[in-house]
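Here's query36.csv, which has CSV, C-alpha atoms:
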chain,number,residue,atom,x,y,z
A,1,MET,CA,200.6,53.1,19.4
A,2,GLN,CA,203.5,55.6,19.0
A,3,LYS,CA,201.2,58.4,20.3
A,4,ARG,CA,200.8,56.5,23.6
A,5,GLN,CA,204.6,55.9,23.9
A,6,MET,CA,205.3,59.6,23.4
A,7,LEU,CA,202.7,60.6,26.0
A,8,VAL,CA,204.1,58.2,28.6
A,9,GLY,CA,207.6,59.5,28.0
A,10,LEU,CA,206.5,63.1,28.5
A,11,LEU,CA,204.8,62.1,31.8
A,12,MET,CA,208.0,60.4,33.0
A,13,LEU,CA,210.1,63.5,32.1
A,14,ALA,CA,207.7,65.8,33.9
A,15,THR,CA,207.8,63.7,37.1
A,16,VAL,CA,211.6,63.5,37.1
A,17,GLY,CA,211.8,67.3,36.6
A,18,VAL,CA,209.5,67.9,39.6
A,19,LEU,CA,211.5,65.6,41.8
A,20,VAL,CA,214.9,67.3,41.0
A,21,GLY,CA,213.4,70.7,41.4
A,22,CYS,CA,212.1,70.0,44.9
A,23,GLY,CA,215.6,68.8,46.0
A,24,GLY,CA,214.3,67.3,49.3
A,25,ALA,CA,214.2,63.7,50.3
A,26,GLY,CA,210.8,62.4,50.3
A,27,ALA,CA,209.3,65.5,48.7
A,28,THR,CA,207.2,64.6,45.7
A,29,GLU,CA,204.9,66.4,43.4
A,30,THR,CA,202.7,65.0,40.7
A,31,VAL,CA,201.5,66.8,37.6
A,32,PRO,CA,197.7,66.8,37.2
A,33,ALA,CA,196.5,64.7,34.3
A,34,ASP,CA,194.6,67.6,32.8
A,35,ALA,CA,197.8,69.7,32.8
A,36,VAL,CA,199.5,67.4,30.3
A,37,PRO,CA,199.4,69.0,26.8
A,38,VAL,CA,197.9,67.1,23.9
A,39,VAL,CA,200.8,65.6,22.0
A,40,SER,CA,201.0,65.8,18.3
A,41,GLN,CA,202.2,62.9,16.4
A,42,ALA,CA,204.1,65.1,14.0
A,43,ALA,CA,207.8,64.9,13.7
A,44,GLU,CA,210.1,67.4,12.0
A,45,GLY,CA,208.8,67.4,8.4
A,46,LYS,CA,206.5,64.4,9.0
A,47,VAL,CA,203.1,63.6,10.2
A,48,ILE,CA,202.5,60.2,11.7
A,49,ALA,CA,199.1,58.5,12.1
A,50,GLU,CA,197.6,55.1,12.6
A,51,ALA,CA,195.6,53.7,9.7
A,52,ALA,CA,193.7,50.6,8.5
A,53,ILE,CA,194.1,48.9,5.2
A,54,GLU,CA,190.9,48.8,3.1
A,55,PRO,CA,189.8,48.3,-0.5
A,56,ALA,CA,189.6,51.3,-2.8
A,57,ARG,CA,185.9,50.4,-3.4
A,58,TRP,CA,183.5,47.9,-1.8
A,59,THR,CA,179.8,47.4,-2.2
A,60,GLU,CA,177.2,45.8,0.1
A,61,LEU,CA,174.6,44.2,-2.2
A,62,ARG,CA,171.2,44.0,-0.6
A,63,SER,CA,168.0,42.0,-1.3
A,64,GLU,CA,165.4,44.6,-2.3
A,65,THR,CA,162.6,42.1,-2.6
A,66,GLY,CA,163.5,39.4,0.0
A,67,GLY,CA,162.3,35.8,-0.3
A,68,GLU,CA,163.8,32.4,-0.8
A,69,ALA,CA,167.2,32.1,-2.4
A,70,VAL,CA,166.9,29.5,-5.3
A,71,GLU,CA,170.4,30.1,-6.8
A,72,VAL,CA,173.7,31.1,-5.1
A,73,LEU,CA,176.3,31.1,-7.8
A,74,VAL,CA,179.3,32.5,-6.0
A,75,LYS,CA,181.4,31.8,-2.9
A,76,GLU,CA,183.8,33.9,-0.9
A,77,GLY,CA,187.0,34.5,-2.8
A,78,ASP,CA,185.4,34.3,-6.3
A,79,VAL,CA,186.4,37.0,-8.7
A,80,VAL,CA,183.5,38.3,-10.7
A,81,SER,CA,182.9,40.7,-13.6
A,82,GLU,CA,180.4,43.5,-14.0
A,83,GLY,CA,176.9,42.1,-14.6
A,84,ASP,CA,177.6,38.6,-13.4
A,85,LEU,CA,174.6,36.9,-11.7
A,86,LEU,CA,175.5,36.3,-8.0
A,87,VAL,CA,172.2,35.3,-6.3
A,88,ARG,CA,168.7,34.7,-7.5
A,89,PHE,CA,165.5,34.6,-5.4
A,90,ASP,CA,162.2,32.8,-6.0
A,91,PRO,CA,160.4,34.7,-8.8
A,92,THR,CA,157.0,33.2,-8.3
A,93,ASP,CA,155.3,36.2,-6.5
A,94,ALA,CA,157.0,38.8,-8.7
A,95,GLU,CA,156.0,36.9,-11.9
A,96,LEU,CA,152.4,36.7,-10.7
A,97,ALA,CA,152.3,40.4,-10.0
A,98,VAL,CA,153.5,41.1,-13.5
A,99,GLN,CA,150.8,38.9,-15.0
A,100,GLN,CA,148.1,40.6,-12.9
A,101,ALA,CA,149.4,44.0,-13.9
A,102,GLU,CA,149.4,43.0,-17.6
A,103,ALA,CA,145.8,41.8,-17.3
A,104,ALA,CA,144.8,45.0,-15.7
A,105,LEU,CA,146.5,47.0,-18.4
A,106,ALA,CA,144.8,45.0,-21.2
A,107,PHE,CA,141.4,45.6,-19.5
A,108,VAL,CA,141.7,49.4,-19.2
A,109,GLU,CA,143.2,49.6,-22.7
A,110,ALA,CA,140.1,47.8,-24.1
A,111,GLN,CA,137.9,50.3,-22.1
A,112,LEU,CA,139.8,53.2,-23.6
A,113,ALA,CA,139.4,51.8,-27.1
A,114,LEU,CA,135.6,51.5,-26.6
A,115,VAL,CA,135.3,55.0,-25.3
A,116,LYS,CA,137.4,56.5,-28.2
A,117,ALA,CA,135.6,54.4,-30.9
A,118,GLY,CA,132.4,56.3,-30.7
A,119,PRO,CA,129.0,55.0,-31.8
A,120,ARG,CA,128.9,52.1,-34.3
A,121,PRO,CA,126.4,52.4,-37.2
A,122,GLU,CA,124.4,49.5,-36.0
A,123,GLU,CA,124.0,51.2,-32.6
A,124,ILE,CA,122.6,54.2,-34.3
A,125,THR,CA,120.2,52.1,-36.4
A,126,VAL,CA,118.9,50.3,-33.3
A,127,ALA,CA,118.3,53.6,-31.5
A,128,GLU,CA,116.5,55.0,-34.5
A,129,ALA,CA,114.3,51.9,-34.7
A,130,ARG,CA,113.4,52.2,-31.0
A,131,LEU,CA,112.5,55.8,-31.5
A,132,ALA,CA,110.2,54.8,-34.4
A,133,VAL,CA,108.5,52.1,-32.2
A,134,ALA,CA,108.0,54.6,-29.4
A,135,GLN,CA,106.5,57.2,-31.7
A,136,ALA,CA,104.1,54.6,-33.0
A,137,GLY,CA,103.2,53.7,-29.4
A,138,LEU,CA,102.4,57.3,-28.7
A,139,SER,CA,100.2,57.5,-31.8
A,140,ARG,CA,98.3,54.4,-30.7
A,141,ALA,CA,97.9,55.7,-27.2
A,142,ALA,CA,96.5,59.0,-28.5
A,143,ALA,CA,94.1,57.1,-30.8
A,144,GLN,CA,92.9,55.0,-27.8
A,145,ARG,CA,92.3,58.1,-25.8
A,146,ASP,CA,90.3,59.6,-28.6
A,147,GLN,CA,88.1,56.4,-28.7
A,148,VAL,CA,87.5,56.7,-25.0
A,149,THR,CA,86.6,60.3,-25.3
A,150,ALA,CA,84.1,59.3,-28.1
A,151,GLY,CA,82.5,56.6,-25.9
A,152,GLN,CA,84.5,53.3,-25.8
A,153,THR,CA,82.7,50.3,-24.2
A,154,GLU,CA,83.7,47.9,-21.5
A,155,ALA,CA,84.3,45.3,-24.2
A,156,ASP,CA,87.9,46.4,-24.2
A,157,ILE,CA,88.6,44.9,-20.7
A,158,ALA,CA,90.4,42.0,-22.3
A,159,ALA,CA,92.6,44.3,-24.3
A,160,ALA,CA,93.4,46.3,-21.2
A,161,GLN,CA,94.4,43.0,-19.4
A,162,ALA,CA,96.7,42.1,-22.3
A,163,GLN,CA,98.2,45.6,-22.2
A,164,LEU,CA,98.9,45.2,-18.5
A,165,ALA,CA,100.6,41.9,-19.1
A,166,SER,CA,102.7,43.4,-21.8
A,167,ALA,CA,103.6,46.4,-19.6
A,168,GLU,CA,104.6,44.1,-16.8
A,169,ALA,CA,106.9,42.1,-19.1
A,170,GLU,CA,108.4,45.3,-20.4
A,171,GLN,CA,109.0,46.7,-16.9
A,172,LEU,CA,110.6,43.4,-15.8
A,173,ALA,CA,112.9,43.4,-18.8
A,174,ALA,CA,113.9,47.1,-18.2
A,175,GLU,CA,114.6,46.4,-14.5
A,176,GLU,CA,116.8,43.5,-15.4
A,177,THR,CA,118.7,45.5,-18.0
A,178,HIS,CA,119.3,48.3,-15.5
A,179,ASP,CA,120.4,45.9,-12.8
A,180,ASP,CA,123.0,44.5,-15.3
A,181,THR,CA,124.5,48.0,-15.7
A,182,MET,CA,125.0,48.3,-12.0
A,183,LYS,CA,127.2,45.3,-11.8
A,184,CYS,CA,130.8,45.9,-10.6
A,185,PHE,CA,133.9,43.7,-10.6
A,186,GLU,CA,136.9,43.8,-8.2
A,187,PHE,CA,140.5,42.8,-8.8
A,188,THR,CA,143.7,43.3,-6.9
A,189,LEU,CA,146.5,45.6,-8.1
A,190,PRO,CA,150.2,44.6,-7.9
A,191,ASP,CA,150.6,46.9,-4.9
A,192,GLY,CA,147.9,44.9,-3.0
A,193,THR,CA,145.2,47.5,-3.1
A,194,GLU,CA,141.7,46.5,-4.1
A,195,ARG,CA,140.1,48.1,-7.2
A,196,LYS,CA,136.5,48.1,-8.2
A,197,ILE,CA,135.4,48.7,-11.8
A,198,CYS,CA,131.8,49.2,-13.0
A,199,PRO,CA,132.1,49.1,-16.8
A,200,ALA,CA,128.5,50.1,-17.6
A,201,LEU,CA,128.1,53.0,-15.1
A,202,GLY,CA,127.7,56.4,-16.7
A,203,LEU,CA,126.1,56.7,-20.2
A,204,TYR,CA,124.6,53.2,-20.4
A,205,GLU,CA,123.4,53.1,-16.9
A,206,GLU,CA,121.7,56.5,-17.4
A,207,LEU,CA,119.9,55.3,-20.5
A,208,THR,CA,118.7,52.1,-18.9
A,209,ARG,CA,117.5,54.0,-15.8
A,210,PHE,CA,115.5,56.4,-18.1
A,211,GLN,CA,114.0,53.4,-19.8
A,212,LEU,CA,113.1,51.8,-16.5
A,213,HIS,CA,111.3,54.9,-15.4
A,214,ALA,CA,109.4,54.9,-18.6
A,215,ALA,CA,108.5,51.2,-18.2
A,216,ASP,CA,107.3,51.9,-14.6
A,217,ASP,CA,105.1,54.6,-16.0
A,218,ALA,CA,103.8,52.3,-18.7
A,219,LEU,CA,103.0,49.6,-16.1
A,220,ALA,CA,101.2,52.1,-13.9
A,221,ALA,CA,99.3,53.3,-17.0
A,222,ALA,CA,98.3,49.7,-17.9
A,223,ARG,CA,97.0,49.1,-14.4
A,224,VAL,CA,95.0,52.3,-14.5
A,225,GLY,CA,93.8,51.2,-17.9
A,226,LEU,CA,92.6,47.9,-16.7
A,227,ASP,CA,90.9,49.6,-13.7
A,228,ALA,CA,89.3,52.0,-16.2
A,229,ALA,CA,88.1,49.3,-18.4
A,230,GLN,CA,86.5,47.6,-15.4
A,231,GLY,CA,85.4,50.8,-13.6
A,232,GLY,CA,83.7,53.0,-16.2
A,233,ALA,CA,84.2,55.7,-18.7
A,234,GLU,CA,85.8,58.1,-16.3
A,235,ALA,CA,88.4,55.6,-15.2
A,236,GLN,CA,88.9,54.7,-18.9
A,237,LEU,CA,89.6,58.3,-19.7
A,238,ARG,CA,92.2,58.5,-16.9
A,239,ALA,CA,93.8,55.4,-18.2
A,240,ALA,CA,93.8,56.7,-21.7
A,241,ASN,CA,95.5,59.9,-20.6
A,242,ALA,CA,98.0,57.8,-18.5
A,243,GLY,CA,98.7,55.7,-21.6
A,244,VAL,CA,99.4,58.8,-23.6
A,245,GLY,CA,101.7,60.1,-20.9
A,246,SER,CA,103.6,56.8,-20.7
A,247,ALA,CA,103.9,56.5,-24.5
A,248,SER,CA,105.2,60.1,-24.6
A,249,ALA,CA,107.8,59.3,-21.9
A,250,GLN,CA,108.9,56.2,-23.8
A,251,ARG,CA,109.2,58.3,-27.0
A,252,ASP,CA,111.3,60.9,-25.1
A,253,ALA,CA,113.5,58.2,-23.7
A,254,ALA,CA,114.1,56.8,-27.2
A,255,GLN,CA,114.8,60.2,-28.5
A,256,ALA,CA,117.3,60.9,-25.7
A,257,ARG,CA,119.0,57.6,-26.3
A,258,LEU,CA,119.4,58.3,-30.0
A,259,GLU,CA,121.0,61.7,-29.3
A,260,LEU,CA,123.4,60.2,-26.7
A,261,VAL,CA,124.4,57.4,-29.1
A,262,LYS,CA,125.1,59.9,-31.9
A,263,ALA,CA,127.0,62.2,-29.5
A,264,GLY,CA,129.5,59.5,-28.5
A,265,SER,CA,131.8,59.7,-25.5
A,266,ARG,CA,132.4,63.0,-23.6
A,267,PRO,CA,136.0,64.4,-23.4
A,268,GLU,CA,136.0,63.8,-19.7
A,269,ASP,CA,135.2,60.1,-20.2
A,270,VAL,CA,138.1,59.8,-22.6
A,271,ALA,CA,140.4,61.6,-20.1
A,272,ALA,CA,139.3,59.3,-17.3
A,273,ALA,CA,139.9,56.2,-19.4
A,274,GLU,CA,143.4,57.5,-20.5
A,275,ALA,CA,144.3,58.1,-16.8
A,276,ASP,CA,143.3,54.5,-16.0
A,277,VAL,CA,145.6,53.3,-18.7
A,278,ASP,CA,148.5,55.5,-17.4
A,279,ARG,CA,148.1,54.1,-13.9
A,280,ALA,CA,147.9,50.5,-15.2
A,281,ARG,CA,151.1,51.0,-17.2
A,282,ALA,CA,152.9,52.5,-14.2
A,283,SER,CA,151.8,49.5,-12.1
A,284,LEU,CA,153.1,47.1,-14.7
A,285,ALA,CA,156.4,49.0,-14.9
A,286,ALA,CA,156.8,48.8,-11.1
A,287,ALA,CA,156.0,45.1,-11.1
A,288,LYS,CA,158.6,44.5,-13.8
A,289,VAL,CA,161.2,46.4,-11.7
A,290,VAL,CA,160.5,44.1,-8.8
A,291,LEU,CA,160.8,41.0,-11.0
A,292,ASP,CA,164.2,42.3,-12.3
A,293,ARG,CA,165.4,42.8,-8.7
A,294,ILE,CA,165.0,39.2,-7.7
A,295,GLU,CA,168.4,38.7,-9.3
A,296,ILE,CA,171.5,40.2,-7.6
A,297,ARG,CA,174.2,41.0,-10.1
A,298,ALA,CA,177.7,42.4,-9.7
A,299,PRO,CA,177.6,46.2,-10.3
A,300,SER,CA,181.3,46.1,-11.1
A,301,ALA,CA,184.3,43.8,-11.2
A,302,GLY,CA,185.7,42.7,-7.9
A,303,THR,CA,186.2,39.9,-5.4
A,304,VAL,CA,183.4,38.3,-3.3
A,305,VAL,CA,184.4,38.7,0.3
A,306,GLU,CA,181.1,37.7,2.0
A,307,VAL,CA,178.0,35.6,1.0
A,308,SER,CA,175.3,35.5,3.7
A,309,VAL,CA,172.8,33.1,2.2
A,310,ASP,CA,172.7,29.5,0.9
A,311,VAL,CA,170.1,28.0,-1.4
A,312,GLY,CA,166.9,27.6,0.5
A,313,ASP,CA,167.5,30.4,2.9
A,314,THR,CA,165.0,33.2,3.3
A,315,ALA,CA,166.2,36.8,3.2
A,316,ALA,CA,164.4,39.9,4.4
A,317,PRO,CA,164.1,43.0,2.2
A,318,GLY,CA,167.1,45.2,2.7
A,319,GLU,CA,169.3,42.4,4.1
A,320,VAL,CA,173.0,42.4,2.9
A,321,ILE,CA,173.4,39.3,0.7
A,322,VAL,CA,176.9,39.7,-0.9
A,323,VAL,CA,179.8,42.0,-0.1
A,324,LEU,CA,182.0,42.8,-3.2
A,325,ALA,CA,185.3,44.5,-3.0
A,326,THR,CA,188.3,45.5,-5.1
A,327,LEU,CA,190.9,43.6,-3.1
A,328,ASP,CA,193.5,44.2,-5.8
A,329,GLN,CA,193.3,47.9,-5.2
A,330,LEU,CA,193.9,48.5,-1.5
A,331,ARG,CA,194.6,51.8,0.3
A,332,ALA,CA,195.3,53.1,3.8
A,333,HIS,CA,192.7,55.0,5.7
A,334,THR,CA,193.9,57.0,8.8
A,335,VAL,CA,191.9,56.8,12.0
A,336,ASP,CA,193.6,59.2,14.4
A,337,LEU,CA,195.1,62.1,12.4
A,338,THR,CA,194.3,65.0,14.7
A,339,GLU,CA,193.3,68.6,13.9
A,340,LEU,CA,196.8,69.6,15.1
A,341,ASP,CA,198.4,67.7,12.2
A,342,VAL,CA,195.9,67.8,9.4
A,343,ALA,CA,196.7,71.4,8.6
A,344,ARG,CA,200.2,70.3,7.4
A,345,VAL,CA,198.8,67.5,5.1
A,346,ALA,CA,198.1,68.2,1.5
A,347,VAL,CA,196.9,66.0,-1.4
A,348,GLY,CA,199.8,64.5,-3.3
A,349,GLN,CA,202.3,64.4,-0.5
A,350,PRO,CA,204.4,61.2,-0.4
A,351,VAL,CA,203.6,58.7,2.3
A,352,VAL,CA,205.5,55.7,3.7
A,353,VAL,CA,203.1,53.0,5.0
A,354,LYS,CA,204.3,50.4,7.6
A,355,VAL,CA,202.0,47.5,8.1
A,356,ASP,CA,202.0,45.9,11.6
A,357,ALA,CA,201.6,42.4,10.3
A,358,LEU,CA,204.5,42.9,7.8
A,359,PRO,CA,207.2,44.6,9.8
A,360,ASP,CA,209.9,44.2,7.1
A,361,LEU,CA,207.8,45.9,4.5
A,362,GLU,CA,207.6,49.6,3.7
A,363,LEU,CA,205.1,50.7,1.1
A,364,GLN,CA,205.2,53.9,-0.8
A,365,GLY,CA,202.0,55.9,-1.5
A,366,HIS,CA,200.6,59.4,-1.6
A,367,VAL,CA,197.8,61.4,-0.1
A,368,ALA,CA,194.7,61.0,-2.3
A,369,ARG,CA,192.0,62.7,-0.2
A,370,ILE,CA,191.5,64.6,3.0
A,371,ASP,CA,188.0,64.6,4.5
A,372,LYS,CA,186.5,68.0,5.1
A,373,GLN,CA,184.3,66.8,8.0
A,374,SER,CA,185.9,65.8,11.3
A,375,VAL,CA,185.1,62.6,13.2
A,376,ASP,CA,185.4,61.8,16.9
A,377,TYR,CA,188.1,59.1,17.7
A,378,ARG,CA,188.4,58.3,21.4
A,379,GLY,CA,187.6,61.8,22.3
A,380,ASP,CA,189.9,63.5,19.8
A,381,VAL,CA,188.9,65.6,16.8
A,382,THR,CA,190.4,63.7,13.8
A,383,TYR,CA,190.2,64.0,10.0
A,384,PRO,CA,190.3,60.8,7.9
A,385,VAL,CA,192.9,60.9,5.2
A,386,ILE,CA,193.0,58.4,2.3
A,387,VAL,CA,196.4,57.2,1.1
A,388,GLU,CA,196.7,55.4,-2.2
A,389,LEU,CA,199.4,52.8,-2.4
A,390,ASP,CA,201.8,53.1,-5.3
A,391,GLU,CA,202.4,49.3,-5.4
A,392,ARG,CA,200.4,46.1,-4.9
A,393,VAL,CA,201.5,43.6,-2.3
A,394,PRO,CA,199.8,40.2,-2.3
A,395,GLU,CA,200.3,39.8,1.5
A,396,LEU,CA,198.1,42.8,2.3
A,397,ARG,CA,194.7,42.0,3.7
A,398,TRP,CA,191.6,44.1,4.3
A,399,GLY,CA,191.5,45.3,7.9
A,400,MET,CA,195.3,45.2,8.7
A,401,THR,CA,196.6,48.0,10.9
A,402,ALA,CA,199.3,50.2,9.7
A,403,LEU,CA,201.3,53.4,10.5
A,404,VAL,CA,201.6,56.1,7.9
A,405,GLU,CA,204.4,58.7,7.7
A,406,ILE,CA,203.3,61.7,5.6
A,407,ASP,CA,206.2,63.8,4.3
A,408,THR,CA,205.0,67.3,4.7
A,409,GLU,CA,208.1,69.1,3.5

Represent the structure contained in this file as structure tokens.
Amino acid sequence: MQKRQMLVGLLMLATVGVLVGCGGAGATETVPADAVPVVSQAAEGKVIAEAAIEPARWTELRSETGGEAVEVLVKEGDVVSEGDLLVRFDPTDAELAVQQAEAALAFVEAQLALVKAGPRPEEITVAEARLAVAQAGLSRAAAQRDQVTAGQTEADIAAAQAQLASAEAEQLAAEETHDDTMKCFEFTLPDGTERKICPALGLYEELTRFQLHAADDALAAARVGLDAAQGGAEAQLRAANAGVGSASAQRDAAQARLELVKAGSRPEDVAAAEADVDRARASLAAAKVVLDRIEIRAPSAGTVVEVSVDVGDTAAPGEVIVVLATLDQLRAHTVDLTELDVARVAVGQPVVVKVDALPDLELQGHVARIDKQSVDYRGDVTYPVIVELDERVPELRWGMTALVEIDTE
């Protein structure tokens, strides 16, 4: 404003001087625009700059989650305190995500407890009993082989058929047990990713697979045994040997199962289960944070100057919902203080602030801050300066234009 007036005056003086100097009628000379020096707004002992009135502090409160606004508890002009609830969004999705995360955490914690618990006494007893049965089966198979070697008759065909039926049943049961260990379950984590869990894979799947192989061998041996009973002494001998091999495999499987049960979980199994628990806890914490953020609360005391949603409106994540400002603590922010003037300005210097909308009012203040980084203002290099007002005037409004006179003496 004043800068433009001073520039026009200098241009007029320059034109008059040229006309007088020429001394001839009709002889005119203009000064090129680029020859006009940049005019400082500094007067003797003062620096003058245009400014805008603004709050000492304001905050744009954004929706981090988005969604439908179910409560809007403030309106423009309301004065709020720190922590006051301003807007609340629909919590349904966030609450569901927390519930899913809690369920996932409970599941992996149970898995960890099982891994850490080690073998139960009854599991060891069962494994020992199975080993005893397998050892008895091996003894029986060896005795049958001895009978065949001594000259067993074909009267044992019926026994071989019964043995085959029993082996088939055992093989079917072992196959179903192994299939059960291969079952997996899927669930969705709070972040939307799919997770597959196969609880029985590892130790138990390995044991059942070993038993399935043993049952397959036993079935093959029973078939050979039936063929042997029906086909002669040589076939019977092969069947007897196969029976011994099968029984020996079952005994070895039972022995391995007992040793694995007694050994308990491996350290790496425990570590993997603990890692699953840590991930589930982190997911639950993240889900709770999202749930907390469906509420927009005042970070500090202030006045509500803008509310951009009503109940029922849908906001996008990151959208500004409420603007909160300290309207009782206004200041002046210069916009065109040039590099020619800023060198004379120092923090603490007294300032007179004249507001365009209140021409009869002169406010006292002082320089509170000088920005170190320049900004471009209409092609000029300028440095924003913050002027704190020493008094409060109810008529002042955010955004009013003003002129500041900084006393540099």

Would you please work out which residue, of A:Arg238, A:Arg392, A:Lys196, A:Arg62, is nearest to Asp328 (chain A) when using all atoms listed in the file? A:Arg392

Could you please give me, as a VMD selection string, the residues of protein, DNA or RNA lying at most 6 Å from (175.9, 35.1, -7.1) in the coordinate frame of the file, considering all atoms listed in the file? chain A and resid 72 to 74 85 to 87

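Residue nearest Val335 (chain A), chosen from A:Val270, A:Ile386, A:Ala247, A:Ile197 and counting all atoms listed in the file: A:Ile386.
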
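Distances to Val352 (chain A) were evaluated for A:Ala301, A:Ala101, A:Ala249, A:Val387 using all atoms listed in the file, and the minimum falls at A:Val387.
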
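Note that CA of Ser246 (chain A) and CA of Ala218 (chain A) are 4.9 Å apart.
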
Residue among A:Asp292, A:Asp179, A:Asp252, A:Asp216 lying closest to Leu138 (chain A), counting only C-alpha atoms: A:Asp252

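You can rank A:Ala298, A:Ala275, A:Leu337, A:Val353 by their closest distance to Val375 (chain A) using only C-alpha atoms, and at the top of that list sits A:Leu337.
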